[in-house]
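For reference, work-v3.txt is printed below; it contains compact mmCIF, C-alpha atoms.
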# COMPACT_ATOMS: atom_id res chain seq x y z
CA MET A 293 0.00 0.00 0.00
CA SER A 294 1.43 3.36 -1.04
CA THR A 295 2.24 5.96 1.61
CA GLU A 296 0.01 9.00 1.81
CA HIS A 297 2.08 12.18 1.83
CA THR A 298 1.14 15.58 3.19
CA GLU A 299 1.85 19.02 1.80
CA GLU A 300 4.51 19.43 4.49
CA ASP A 301 6.19 16.23 3.28
CA LEU A 302 6.23 17.54 -0.28
CA ARG A 303 7.62 20.94 0.67
CA ALA A 304 10.29 19.29 2.84
CA LEU A 305 11.30 17.06 -0.09
CA ILE A 306 11.54 20.04 -2.45
CA GLN A 307 13.75 21.86 0.05
CA SER A 308 15.94 18.78 0.51
CA PHE A 309 16.25 18.42 -3.27
CA LYS A 310 17.33 22.06 -3.60
CA GLU A 311 19.96 21.63 -0.90
CA GLY A 312 21.27 18.54 -2.66
CA LEU A 313 21.50 20.37 -5.99
CA THR A 314 23.39 23.26 -4.38
CA LEU A 315 25.84 20.75 -2.94
CA TYR A 316 26.26 18.99 -6.30
CA SER A 317 27.01 22.28 -8.04
CA SER A 318 29.61 23.44 -5.52
CA THR A 319 31.21 19.97 -5.40
CA LEU A 320 31.87 20.05 -9.15
CA THR A 321 34.20 23.03 -8.69
CA SER A 322 35.56 22.33 -5.20
CA THR A 323 36.46 18.66 -5.68
CA PRO A 324 38.66 17.18 -8.44
CA LEU A 325 36.53 15.17 -10.85
CA SER A 326 38.83 12.20 -10.34
CA GLN A 327 37.60 11.99 -6.74
CA LEU A 328 33.96 11.97 -7.86
CA LYS A 329 34.48 9.21 -10.41
CA THR A 330 33.25 5.83 -9.19
CA GLN A 331 33.29 3.97 -12.50
CA THR A 332 34.50 4.40 -16.07
CA ILE A 333 31.85 5.01 -18.72
CA THR A 334 32.69 4.52 -22.39
CA ASP A 335 31.74 7.48 -24.59
CA ALA A 336 31.24 9.92 -21.72
CA ASP A 337 29.96 12.62 -24.08
CA GLN A 338 27.16 10.37 -25.32
CA GLU A 339 26.33 9.45 -21.73
CA LEU A 340 25.96 13.11 -20.78
CA ILE A 341 23.68 13.69 -23.79
CA LYS A 342 21.51 10.79 -22.60
CA VAL A 343 21.41 12.12 -19.02
CA SER A 344 20.50 15.65 -20.18
CA LYS A 345 17.57 14.23 -22.18
CA ILE A 346 16.39 12.31 -19.12
CA LEU A 347 16.51 15.44 -16.96
CA SER A 348 14.72 17.45 -19.63
CA ALA A 349 11.93 14.86 -19.73
CA HIS A 350 11.70 14.84 -15.93
CA ALA A 351 11.25 18.61 -15.88
CA THR A 352 8.26 18.12 -18.16
CA LYS A 353 6.83 15.45 -15.86
CA ILE A 354 7.24 17.69 -12.81
CA GLY A 355 5.58 20.57 -14.63
CA ILE A 356 2.58 18.37 -15.39
CA ALA A 357 2.43 16.93 -11.85
CA PHE A 358 2.31 20.41 -10.30
CA ARG A 359 -0.44 21.69 -12.56
CA PRO A 360 -3.39 22.78 -10.36
CA PRO A 361 -4.98 21.02 -8.67
CA VAL A 362 -1.69 19.58 -7.37
CA SER A 363 -1.73 15.89 -6.54
CA ILE A 364 0.47 15.74 -3.44
CA ASN A 365 1.29 12.03 -3.75
CA ALA A 366 2.01 12.12 -7.49
CA SER A 367 4.11 15.26 -7.15
CA TYR A 368 6.03 13.81 -4.21
CA GLU A 369 6.89 10.64 -6.13
CA GLN A 370 7.93 12.63 -9.21
CA ILE A 371 10.25 14.92 -7.23
CA LYS A 372 11.73 11.90 -5.45
CA GLU A 373 12.38 10.08 -8.74
CA THR A 374 13.91 13.15 -10.36
CA SER A 375 16.19 13.79 -7.38
CA GLN A 376 17.57 10.28 -7.79
CA LYS A 377 18.13 10.79 -11.51
CA MET A 378 20.06 14.00 -10.82
CA LEU A 379 22.90 11.92 -9.38
CA LEU A 380 23.48 10.65 -12.93
CA ILE A 381 24.65 14.06 -14.13
CA VAL A 382 27.35 14.22 -11.46
CA GLY A 383 28.55 10.73 -12.35
CA ALA A 384 28.60 11.53 -16.06
CA THR A 385 30.45 14.82 -15.50
CA SER A 386 33.14 13.04 -13.48
CA GLN A 387 34.06 11.09 -16.63
CA PHE A 388 35.73 14.23 -18.00
CA GLU A 389 38.41 14.17 -15.29
CA ASN A 390 41.19 13.27 -17.73
CA GLU A 391 42.47 16.65 -19.00
CA VAL A 392 44.98 14.96 -21.31
CA GLU A 393 42.12 13.23 -23.10
CA TRP A 394 39.38 15.88 -22.97
CA SER A 395 41.38 19.11 -22.43
CA LEU A 396 41.12 21.50 -19.53
CA LEU A 397 39.31 23.92 -21.86
CA PHE A 398 36.52 21.41 -22.49
CA GLN A 399 36.44 20.15 -18.91
CA LYS A 400 35.81 23.64 -17.53
CA GLU A 401 33.06 24.28 -20.07
CA VAL A 402 31.40 20.95 -19.27
CA ILE A 403 31.38 21.74 -15.54
CA SER A 404 30.04 25.26 -16.16
CA THR A 405 27.27 24.01 -18.46
CA VAL A 406 26.27 21.21 -16.08
CA GLN A 407 26.10 23.79 -13.29
CA ASP A 408 23.74 25.81 -15.51
CA VAL A 409 21.47 22.76 -15.77
CA ILE A 410 21.54 22.37 -11.98
CA SER A 411 20.86 26.11 -11.49
CA SER A 412 17.86 25.92 -13.82
CA TYR A 413 16.47 23.08 -11.73
CA ILE A 414 16.99 25.06 -8.51
CA ALA A 415 15.09 28.01 -10.05
CA PHE A 416 12.37 25.57 -11.12
CA LEU A 417 12.04 24.27 -7.56
CA ASP A 418 11.84 27.86 -6.29
CA GLU A 419 8.81 28.34 -8.53
CA LEU A 420 7.22 25.15 -7.20
CA GLU A 421 7.74 26.26 -3.61
CA ALA A 422 5.86 29.47 -4.36
CA LEU A 423 2.77 27.59 -5.58
CA ASP A 424 -0.42 27.28 -3.58
CA PHE A 425 -0.84 23.51 -3.61
CA LYS A 426 -4.46 23.88 -2.51
CA GLU A 427 -5.39 25.89 -5.59
CA LYS A 428 -8.25 24.09 -7.30
CA LYS A 429 -7.69 25.27 -10.86
CA GLU A 430 -5.38 27.32 -13.05
CA THR A 431 -5.59 31.09 -12.77
CA ALA A 432 -6.40 33.26 -15.78
CA GLU A 433 -2.70 34.17 -16.05
CA GLN A 434 -1.68 30.51 -16.06
CA LYS A 435 -4.20 29.72 -18.77
CA GLU A 436 -2.79 32.55 -20.90
CA GLY A 437 0.69 31.09 -20.53
CA VAL A 438 2.12 33.54 -17.97
CA ASP A 439 3.08 30.74 -15.59
CA GLY A 440 6.42 30.71 -13.74
CA ARG A 441 6.20 26.94 -13.50
CA LEU A 442 6.09 26.51 -17.27
CA VAL A 443 8.67 29.22 -17.87
CA SER A 444 11.02 27.35 -15.54
CA VAL A 445 10.41 24.10 -17.40
CA GLY A 446 11.45 25.91 -20.59
CA LYS A 447 14.65 27.14 -18.95
CA VAL A 448 15.53 23.60 -17.90
CA TRP A 449 14.95 22.45 -21.49
CA ASP A 450 17.22 25.22 -22.80
CA SER A 451 20.04 24.41 -20.39
CA CYS A 452 19.83 20.71 -21.27
CA LYS A 453 19.90 21.52 -25.01
CA THR A 454 22.98 23.70 -24.46
CA LEU A 455 24.69 20.78 -22.72
CA GLN A 456 23.77 18.44 -25.57
CA ALA A 457 25.12 20.92 -28.12
CA LEU A 458 28.40 21.16 -26.22
CA MET A 459 28.79 17.38 -26.23
CA GLU A 460 28.12 17.24 -29.96
CA LYS A 461 30.60 20.06 -30.54
CA GLY A 462 33.41 18.39 -28.59
CA LYS A 463 36.74 19.85 -27.54
CA LEU A 464 37.80 20.76 -31.08
CA GLY A 465 34.49 22.46 -31.79
CA LEU A 466 34.88 24.47 -28.59
CA LEU A 467 38.41 25.41 -29.63
CA LYS A 468 37.06 26.60 -32.99
CA ASP A 469 34.55 28.79 -31.14
CA ASN A 470 37.42 30.37 -29.20
CA ILE A 471 39.34 30.96 -32.42
CA LYS A 472 36.29 32.74 -33.89
CA MET A 473 36.07 34.99 -30.83
CA ASN A 474 39.76 35.84 -31.12
CA MET A 475 39.35 36.56 -34.81
CA GLN A 476 36.71 39.12 -33.89
CA ILE A 477 39.13 40.73 -31.42
CA ILE A 478 41.77 40.94 -34.16
CA ASP A 479 39.16 42.37 -36.51
CA ASP A 480 38.26 45.10 -34.01
CA ALA A 481 41.93 45.91 -33.39
CA LEU A 482 42.53 46.10 -37.15
CA ASP A 483 39.63 48.52 -37.64
CA GLU A 484 40.96 50.82 -34.92
CA PHE A 485 44.50 50.51 -36.26
CA THR A 486 43.43 51.40 -39.81
CA GLU A 487 41.49 54.45 -38.58
CA TRP A 488 44.47 55.56 -36.50
CA ILE A 489 46.86 55.35 -39.47
CA GLU A 490 44.58 57.67 -41.42
CA ASN A 491 44.80 60.23 -38.61
CA PRO A 492 47.77 59.25 -36.41
CA GLU A 493 48.05 60.85 -33.01
CA VAL A 494 49.45 59.68 -29.70
CA MET A 495 46.81 58.30 -27.37
CA ASP A 496 48.74 58.34 -24.09
CA ASP A 497 46.51 61.20 -22.90
CA PHE A 498 43.33 59.19 -23.53
CA ASP A 499 41.02 60.07 -20.64
CA PRO A 500 37.99 57.73 -20.48
CA PHE A 501 37.15 58.69 -16.88
CA GLY A 502 37.20 62.47 -17.30
CA LEU A 503 40.17 63.01 -14.99
CA GLY A 504 41.93 65.40 -17.31
CA ASP A 505 41.70 68.44 -15.03
CA ALA A 506 43.41 66.63 -12.18
CA ASN A 507 46.35 65.85 -14.42
CA ASP A 508 46.76 69.33 -15.97
CA ASP A 509 49.72 70.24 -13.72
CA ASP A 510 51.55 67.06 -14.64
CA LYS A 511 50.99 67.66 -18.35
CA ALA A 512 52.37 71.18 -18.11
CA ASP A 513 55.61 70.08 -16.44
CA SER A 514 57.52 69.78 -19.68
CA GLU A 515 56.46 71.31 -22.99
CA GLU A 516 59.39 69.62 -24.67
CA GLU A 517 58.25 66.16 -23.58
CA GLU A 518 54.69 66.90 -24.65
CA GLU A 519 55.74 67.98 -28.14
CA LYS A 520 57.89 64.88 -28.47
CA SER A 521 55.13 62.51 -27.35
CA THR A 522 52.55 63.90 -29.77
CA GLU A 523 54.68 63.47 -32.90
CA ILE A 524 54.55 60.17 -34.76
CA ASP A 525 57.89 59.32 -36.34
CA SER A 526 57.64 58.74 -40.11
CA LYS A 527 59.43 55.38 -39.82
CA THR A 528 56.99 54.31 -37.13
CA LEU A 529 54.08 55.28 -39.35
CA GLU A 530 55.54 53.36 -42.30
CA LEU A 531 55.98 50.28 -40.13
CA ALA A 532 52.39 50.67 -38.90
CA LYS A 533 51.16 50.57 -42.49
CA VAL A 534 53.18 47.40 -43.13
CA TRP A 535 51.63 45.81 -40.06
CA THR A 536 48.06 46.51 -41.09
CA ASP A 537 48.67 44.00 -43.89
CA LYS A 538 50.43 41.58 -41.55
CA ILE A 539 47.56 41.72 -39.05
CA LYS A 540 45.22 40.88 -41.94
CA MET A 541 47.47 37.90 -42.61
CA LEU A 542 47.22 36.88 -38.95
CA LYS A 543 43.44 37.01 -39.22
CA LEU A 544 43.67 34.80 -42.32
CA LEU A 545 45.96 32.45 -40.40
CA MET A 546 43.46 32.15 -37.54
CA SER A 547 40.62 31.46 -39.96
CA SER A 548 42.64 28.88 -41.87
CA LEU A 549 43.91 27.23 -38.68
CA SER A 550 40.33 26.74 -37.55
CA LYS A 551 39.56 24.95 -40.82
CA SER A 552 42.76 22.92 -40.55
CA LEU A 553 41.97 21.43 -37.15
CA PRO A 554 41.31 17.69 -37.42
CA ALA A 555 37.70 16.53 -37.35
CA SER A 556 38.49 13.55 -35.15
CA LYS A 557 37.89 13.78 -31.41
CA ASP A 558 41.01 11.63 -30.99
CA ALA A 559 43.16 14.76 -30.81
CA LYS A 560 44.93 14.96 -27.46
CA GLY A 561 43.29 17.29 -24.97
CA SER A 562 46.71 18.54 -23.87
CA ASP A 563 47.45 19.63 -27.46
CA VAL A 564 44.10 21.44 -27.63
CA ASP A 565 44.90 23.27 -24.38
CA GLU A 566 48.34 24.27 -25.62
CA PHE A 567 46.92 25.56 -28.90
CA ASN A 568 44.20 27.50 -27.08
CA LYS A 569 46.72 29.10 -24.73
CA GLU A 570 49.07 30.10 -27.53
CA GLN A 571 46.34 31.57 -29.76
CA ASP A 572 45.00 33.58 -26.81
CA GLN A 573 48.52 34.92 -26.22
CA LEU A 574 48.97 35.74 -29.93
CA VAL A 575 45.81 37.85 -29.91
CA ALA A 576 46.96 39.60 -26.72
CA GLN A 577 50.30 40.37 -28.40
CA VAL A 578 48.54 41.85 -31.43
CA ASP A 579 46.58 44.06 -29.07
CA ASP A 580 49.81 45.08 -27.31
CA LEU A 581 51.45 45.90 -30.64
CA VAL A 582 48.59 48.14 -31.71
CA ALA A 583 48.70 49.85 -28.31
CA ALA A 584 52.46 50.39 -28.69
CA PHE A 585 51.84 52.22 -31.98
CA PHE A 586 48.97 54.23 -30.50
CA MET A 587 51.06 55.33 -27.52
CA ASN A 588 54.21 55.97 -29.59
CA SER A 589 56.14 53.64 -27.29
CA GLY A 590 59.24 53.78 -29.45
CA MET A 591 60.80 51.50 -32.03
CA PRO A 592 62.55 49.13 -29.54
CA GLU A 593 59.25 48.33 -27.80
CA ILE A 594 57.41 47.96 -31.12
CA LYS A 595 60.07 45.61 -32.49
CA THR A 596 59.93 43.54 -29.31
CA GLN A 597 56.18 43.08 -29.80
CA ILE A 598 56.71 42.18 -33.48
CA THR A 599 59.31 39.53 -32.60
CA GLY A 600 56.91 38.02 -30.06
CA ILE A 601 54.11 37.84 -32.64
CA GLN A 602 56.37 36.17 -35.19
CA LYS A 603 57.51 33.54 -32.69
CA LYS A 604 53.97 32.89 -31.49
CA SER A 605 52.63 32.45 -35.03
CA GLU A 606 55.41 29.94 -35.75
CA LEU A 607 54.50 28.02 -32.62
CA LEU A 608 50.82 27.90 -33.60
CA ILE A 609 51.78 26.53 -37.00
CA THR A 610 53.86 23.83 -35.30
CA LEU A 611 50.91 22.90 -33.08
CA VAL A 612 48.53 22.62 -36.06
CA ARG A 613 50.99 20.25 -37.72
CA LYS A 614 51.08 18.24 -34.50
CA LEU A 615 47.28 18.08 -34.25
CA ASN A 616 47.16 16.85 -37.85
CA LYS A 617 49.97 14.35 -37.20
CA ASP A 618 52.22 16.11 -39.75
CA ASP A 619 49.85 15.39 -42.65
CA ASP A 620 51.34 17.57 -45.45
CA LYS A 621 48.10 17.51 -47.44
CA LYS A 622 46.39 19.43 -44.65
CA THR A 623 49.23 21.71 -43.64
CA LYS A 624 51.33 22.41 -46.74
CA TRP A 625 49.67 25.83 -47.16
CA LEU A 626 51.28 26.92 -43.89
CA ASP A 627 54.73 27.05 -45.53
CA LEU A 628 53.51 29.59 -48.09
CA TRP A 629 51.80 31.70 -45.42
CA GLN A 630 54.95 31.71 -43.30
CA GLU A 631 57.15 32.82 -46.18
CA LYS A 632 54.86 35.77 -46.98
CA PHE A 633 54.41 36.77 -43.36
CA ILE A 634 58.11 36.91 -42.51
CA ALA A 635 59.06 38.61 -45.80

Would you mind writing the file out in structure tokens?
Amino acid sequence: MSTEHTEEDLRALIQSFKEGLTLYSSTLTSTPLSQLKTQTITDADQELIKVSKILSAHATKIGIAFRPPVSINASYEQIKETSQKMLLIVGATSQFENEVEWSLLFQKEVISTVQDVISSYIAFLDELEALDFKEKKETAEQKEGVDGRLVSVGKVWDSCKTLQALMEKGKLGLLKDNIKMNMQIIDDALDEFTEWIENPEVMDDFDPFGLGDANDDDKADSEEEEEKSTEIDSKTLELAKVWTDKIKMLKLLMSSLSKSLPASKDAKGSDVDEFNKEQDQLVAQVDDLVAAFFMNSGMPEIKTQITGIQKKSELLITLVRKLNKDDDKKTKWLDLWQEKFIA
């Protein structure tokens, strides 16, 4: 004979479920995944897709169970079952503990996305707690679709779909997304650089916070220094023009590197992490170079930045060859790019 549950039992279960979810979420970032792993699951990405679909379906079931008039027993059993299923997502996430296989880049994104799923469930439970379980029928607002319960179900669906999309994308797909973002940063820097070349002036007095008046005394200390800092040397300007073309080549390199990444998920996670780190640093160096021109930092500083960019681009090329296991058919174009870039 099934146990009859009260409203207090149901509310206590919801609260307990929320506390468990909060613990799961914090544990994923406070405890190494290797310590959470109790068994090895083949095809961890497919397992996490399966779990996300289960949790999405359970959100739907809960939403139906809590539709007025709320059946206390049915709702209690559904929350209990879902809370047990939620353990699956922690177990599946722990399978990504091997950074060498999956990459630290992908591991962090998996944890963050799983935490989003958990957070959407916590918000869903908040909505359930706010319900009047004794309400006999749906309100006019609920009938018209303005129902926090249903909105929360939709948010759980969205978070689960995002997790599924991440699994389908994989570590190389995530790396490609990062490359695209960095290409946009280069694009923005190139636009600013091109505009500056058309009307070159030193930007070391750029004052975004409106503090100019407070610095007037300092600026007046030396007219000679001020005149010197506001003049752009002709050689510096010529080099800047050369580097607008080279930055365009770097953008082409980033775009081509993204297309040259292997399709196979067999690529080592450690290689993906190294590539991601180096391409982030290359973009930062491009930004530093443009800033050096803007601020008229002097030829030694500018040349130092240029040398760093050249070395970093060579390293990225080496890493792409490594990811493609030195397959000349996929990487031969890099030789031509390198010759033109260094020329």

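Reported to one decimal place, the separation of CA of Leu420 (chain A) from CA of Phe358 (chain A) is 7.5 Å.
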
Report summary line: Closest of A:Thr332, A:Thr295, A:Asn390, A:Asn470 to Asn568 (chain A), counting all atoms listed in the file, is A:Asn470

Considering only C-alpha atoms, tabulate each residue of region 342-376 of chain A that lies at most 12 Å from region 444-448 of chain A along with its nearest interatomic pair and the corresponding distance in Å to one decimal; arrange the rows by chain and ascending residue number and present them as a Markdown table.
| residue | atom | partner | partner_atom | distance |
| --- | --- | --- | --- | --- |
| A:Ser344 | CA | A:Val448 | CA | 9.6 |
| A:Lys345 | CA | A:Val448 | CA | 10.5 |
| A:Ile346 | CA | A:Val448 | CA | 11.4 |
| A:Leu347 | CA | A:Val448 | CA | 8.3 |
| A:Ser348 | CA | A:Val448 | CA | 6.4 |
| A:Ala349 | CA | A:Val448 | CA | 9.6 |
| A:His350 | CA | A:Val445 | CA | 9.5 |
| A:Ala351 | CA | A:Val445 | CA | 5.8 |
| A:Thr352 | CA | A:Val445 | CA | 6.4 |
| A:Lys353 | CA | A:Val445 | CA | 9.5 |
| A:Ile354 | CA | A:Val445 | CA | 8.5 |
| A:Gly355 | CA | A:Val445 | CA | 6.6 |
| A:Ile356 | CA | A:Val445 | CA | 9.9 |
| A:Phe358 | CA | A:Val445 | CA | 11.4 |

Requested in this report: Can you work out which one of A:Gln456, A:Gln571, A:Ser548, A:Ser386 has the shortest atom-to-atom distance to Ser326 (chain A), counting all atoms listed in the file?
Outcome: A:Ser386

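The space between CA of Met546 (chain A) and CA of Met475 (chain A) spans 6.6 Å.
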
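The spacing separating CA of Lys604 (chain A) from CA of Asp525 (chain A) amounts to 27.2 Å.
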
Find the spatial neighbours of Glu393 (chain A), counting all atoms listed in the file, within a cut-off of 9 Å - ignore same-chain residues fewer than 5 positions away - and output them as a PDB file with C-alpha atoms, keeping the file's coordinate frame.
ATOM      1  CA  PHE A 388      35.730  14.230 -18.000  1.00  0.00           C
ATOM      2  CA  ASP A 558      41.010  11.630 -30.990  1.00  0.00           C
ATOM      3  CA  ALA A 559      43.160  14.760 -30.810  1.00  0.00           C
ATOM      4  CA  LYS A 560      44.930  14.960 -27.460  1.00  0.00           C
ATOM      5  CA  GLY A 561      43.290  17.290 -24.970  1.00  0.00           C
ATOM      6  CA  SER A 562      46.710  18.540 -23.870  1.00  0.00           C
TER       7      SER A 562
END

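Residue nearest Lys400 (chain A), chosen from A:Thr321, A:Gln597, A:Thr314, A:Gln327 and counting all atoms listed in the file: A:Thr321.
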
Report task. Name the residues within 12 Å of (29.6, 18.3, -30.3), counting only C-alpha atoms in the file's coordinates, and put them as a list in words. Result ->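 Within 12 Å of (29.6, 18.3, -30.3), the protein and nucleic acid residues are Asp337, Gln338, Leu340, Ile341, Phe398, Val402, Lys453, Thr454, Leu455, Gln456, Ala457, Leu458, Met459, Glu460, Lys461, Gly462, Lys463, Leu464, Gly465, Leu466, Leu467, Lys468, Asp469, Ala555, Ser556 and Lys557 of chain A.
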
Query raised in the report: Looking at all atoms listed in the file, which of A:Asp408, A:Ala336, A:Phe586, A:Ile478 is the one that sits closest to Asn491 (chain A)?
Result: A:Phe586

Query raised in the report: Which of these, A:Thr374, A:Ser367, A:Thr405, A:Ser589, has the shortest distance to Met495 (chain A) once you count only C-alpha atoms?
Result: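 Comparing A:Thr374, A:Ser367, A:Thr405, A:Ser589 against Met495 (chain A), the winner is A:Ser589.
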
Quick one: residues within 9 Å of region 573-582 of chain A, only C-alpha atoms counted, chain neighbours fewer than 3 positions away excluded, as an mmCIF file with C-alpha atoms, in the frame of the given file?
data_model
loop_
_atom_site.group_PDB
_atom_site.id
_atom_site.type_symbol
_atom_site.label_atom_id
_atom_site.label_comp_id
_atom_site.auth_asym_id
_atom_site.auth_seq_id
_atom_site.Cartn_x
_atom_site.Cartn_y
_atom_site.Cartn_z
ATOM 1 C CA ASN A 474 39.760 35.840 -31.120
ATOM 2 C CA MET A 475 39.350 36.560 -34.810
ATOM 3 C CA ILE A 477 39.130 40.730 -31.420
ATOM 4 C CA ILE A 478 41.770 40.940 -34.160
ATOM 5 C CA ALA A 481 41.930 45.910 -33.390
ATOM 6 C CA LEU A 482 42.530 46.100 -37.150
ATOM 7 C CA GLU A 484 40.960 50.820 -34.920
ATOM 8 C CA PHE A 485 44.500 50.510 -36.260
ATOM 9 C CA ALA A 532 52.390 50.670 -38.900
ATOM 10 C CA ILE A 539 47.560 41.720 -39.050
ATOM 11 C CA ASN A 568 44.200 27.500 -27.080
ATOM 12 C CA LYS A 569 46.720 29.100 -24.730
ATOM 13 C CA GLU A 570 49.070 30.100 -27.530
ATOM 14 C CA PHE A 585 51.840 52.220 -31.980
ATOM 15 C CA PHE A 586 48.970 54.230 -30.500
ATOM 16 C CA MET A 587 51.060 55.330 -27.520
ATOM 17 C CA GLU A 593 59.250 48.330 -27.800
ATOM 18 C CA ILE A 594 57.410 47.960 -31.120
ATOM 19 C CA LYS A 595 60.070 45.610 -32.490
ATOM 20 C CA THR A 596 59.930 43.540 -29.310
ATOM 21 C CA GLN A 597 56.180 43.080 -29.800
ATOM 22 C CA ILE A 598 56.710 42.180 -33.480
ATOM 23 C CA GLY A 600 56.910 38.020 -30.060
ATOM 24 C CA ILE A 601 54.110 37.840 -32.640
ATOM 25 C CA LYS A 604 53.970 32.890 -31.490
ATOM 26 C CA SER A 605 52.630 32.450 -35.030
ATOM 27 C CA LEU A 608 50.820 27.900 -33.600
#

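Minimum atom-to-atom distance to Glu566 (chain A), evaluated using only C-alpha atoms, belongs to A:Leu615 out of A:Leu615, A:Ile403, A:Ile371, A:Ile634.
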